[in-house]
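J.: Have a look at this one.
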Amino acid sequence: MRLSPAFWFVAPALALLAVFFFLPAAAALGLSFTDFDIYALADIRRLRFVGLDNYRRLAGDAEFWMALRNTLYFVAVGGPLSVLVSLAAALLVNHRLTPFKGLFRSLLFLPVVTTLVAVAVVWRYLYQPRYGVLNYLLSGFGVGPVDWLGDPDWAMPAIILMAVWKNFGFNMIVFVAGLQSIPESLYEAASIDGAGARQRFFHITLPLLAPTFLFVAVITMIGHFQLFAEPYVMTQGGPAGSTLSLALLMYQQGFRWWNLGYASAIAFVLFGLVLGLTGLRKPRGAAEEDSESRSLPKP
């Protein structure tokens with residue numbers, strides 16, 4: 001059988017994906033059915049196949065369910081907030097009256113490329129209970145000091161606020177690209193017809209940004225389900241496990257306690273959760289095309 005020349009062009013990339021992605025993923029899946037731990041790491045003969053025992057253990061693990069609740073809370077609150085802030089920033093920097101658009105885009109994108117350790121140092125000072133800037137601002141409104149990172153009720157909202165500020169710049173750039181793809185003639189025609197700014201936004205901007213919204217929502221959801229760096233740097237999962245995420249729990253089980261089989265099971269539960277939610281809804285365009293094709297008369 002003669003292979004197409006195109007295959008040889010993509011073969012190096014496919015080989016790299018197989019070696020550094022698919023093979024490790026398959027190995028991790030296999031580990032999730034074993035009791036691989038530090039003893040098996042020292043002597044492979046201690047490795048035992050346990051089947052679905054790791055997944056059954058997850059079902060009865062209170063720490064796992066707490067981490068799942070925290071992750072879902074972060075996704076449900078932080079995801080929409082990040083998308084809305086990104087859209088608002090994109091509308092501002094893309095407005096025709098905004099000067100120095102390139103400069104503002106660069107400045108708002110800077111937190112995305114700033115190392116999280118440096119960001120965490122700054123935000124820990126902002127959240128400092130006695131001398132922090134945030135509590136100082138709240139005191140002007142008569143609000144008492146809040147222990148942002150030490151109170152279980154406020155630790156996750158504090159992580160969400162920092163994560164939104166850190167990551168909204170990437171989605172902002174995507175929204176700016178979507179806004180710039182909308183023909184200016186549509187806004188001019190709407191203005192001639194008497195449509196105001198609000199009507200143009202809801203009847204032109206939002207509908208034509210629907211594909212961009214879908215893309216941003218999906219990548220934001222996937223990124224938020226992988227919450228790890230923020231609680232790891234800021235709170236180590238505390239206080240009282242209020243910021244413990246699935247990814248952080250997986251890290252602790254795998255690299256702190258060396259329960260690598262159990263950590264692999266957590267990883268694939270997280271993978272299944274993200275995969276299920278990502279494929280839960282068919283894109284609107286595909287659904288409309290299907291309905292239109294069904295409504296067309298047959299020849």
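Numbering starts fresh at 1 for the residues of each chain in the structure tokens, the chains themselves are lettered A, B, ... in the order given, and ligands are numbered from 1 as they appear.
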How would you write, as number ranges by chain, the set of residues in region 59-256 of chain A that DSSP gives as alpha helix (DSSP H)?

T.: A: 59, 62-94, 101-113, 116-126, 133-139, 152-180, 184-192, 197-200, 206-208, 210-225, 229-234, 246-251

J.: Which residues are close to region 90-101 of chain A, i.e. within 6 Å by only C-alpha atoms, leaving aside same-chain residues fewer than 2 positions away? Reply as a ChimeraX atom specification.

T.: /A:87-88,103-104,172,175-176

J.: Can I get the selected residues back with C-alpha atoms, as a short mmCIF file (atom, residue, chain, number, x, y, z; two decimals), in the first residue's frame?

T.:
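Written file, again_6.cif:
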data_model
loop_
_atom_site.label_atom_id
_atom_site.label_comp_id
_atom_site.auth_asym_id
_atom_site.auth_seq_id
_atom_site.Cartn_x
_atom_site.Cartn_y
_atom_site.Cartn_z
CA LEU A 87 -16.57 40.96 26.93
CA ALA A 88 -16.80 44.30 28.73
CA LEU A 103 -1.58 49.97 24.28
CA PHE A 104 -4.68 49.17 26.33
CA MET A 172 -10.66 39.66 25.79
CA PHE A 175 -13.67 38.80 21.79
CA VAL A 176 -11.82 41.69 20.15
#

J.: Mind pulling up the distance from CA of Leu108 (chain A) to CA of Glu184 (chain A)?

T.: 24.7 Å

J.: Find the residues around Phe201 (chain A) up to 12 Å (only C-alpha atoms counted), leave out those fewer than 4 positions away in its own chain, and share them as a list in words.

T.: Leu87, Ala88, Leu91, Leu179, Ile182, Leu186, Tyr187, Ala190, Ser191, Ala195, Gly196, Ala197, Thr205, Leu206, Pro207, Leu208 and Leu209 of chain A

J.: Measuring atom to atom with only C-alpha atoms, identify which of A:Phe228, A:Phe21, A:Tyr127, A:Tyr136 is nearest to Ala163 (chain A).

T.: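 Between A:Phe228, A:Phe21, A:Tyr127, A:Tyr136, the residue approaching Ala163 (chain A) most closely is A:Phe228.
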
J.: So which one's closest to Val77 (chain A), A:Leu246, A:Leu161, A:Ala240, A:Leu126? Using only C-alpha atoms, please.

T.: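 Of all the options, A:Leu161 lies closest to Val77 (chain A).
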
J.: From the options A:Gly140, A:Pro183, A:Gly272, A:Val117, which residue's atoms come nearest to Tyr232 (chain A), counting only C-alpha atoms?

T.: A:Val117

J.: Which residues come within 10 Å of Ser106 (chain A), counting only C-alpha atoms, excluding same-chain residues fewer than 5 positions away, as a list of chain:residue names?

T.: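 In the requested form, the answer reads A:Lys101, A:Pro111, A:Gly169, A:Ile173.
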
J.: Could the residues in this selection be saved with C-alpha atoms as a short mmCIF file (atom, residue, chain, number, x, y, z; two decimals), in the first residue's frame?

T.:
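To be explicit, this is the file written out as out07.cif:
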data_model
loop_
_atom_site.label_atom_id
_atom_site.label_comp_id
_atom_site.auth_asym_id
_atom_site.auth_seq_id
_atom_site.Cartn_x
_atom_site.Cartn_y
_atom_site.Cartn_z
CA LYS A 101 -6.24 50.73 21.55
CA PRO A 111 -1.65 39.55 33.73
CA GLY A 169 -7.10 39.12 29.08
CA ILE A 173 -8.34 39.22 22.79
#

J.: Just the number, please: distance in Å from CA of Ala89 (chain A) to CA of Lys166 (chain A), one decimal.

T.: 13.5 Å

J.: Measuring between only C-alpha atoms, which one of A:Leu275, A:Met234, A:Met162, A:Leu17 shows the shortest distance to Leu149 (chain A)?

T.: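 Using only C-alpha atoms, Leu149 (chain A) sits closest to A:Met234.
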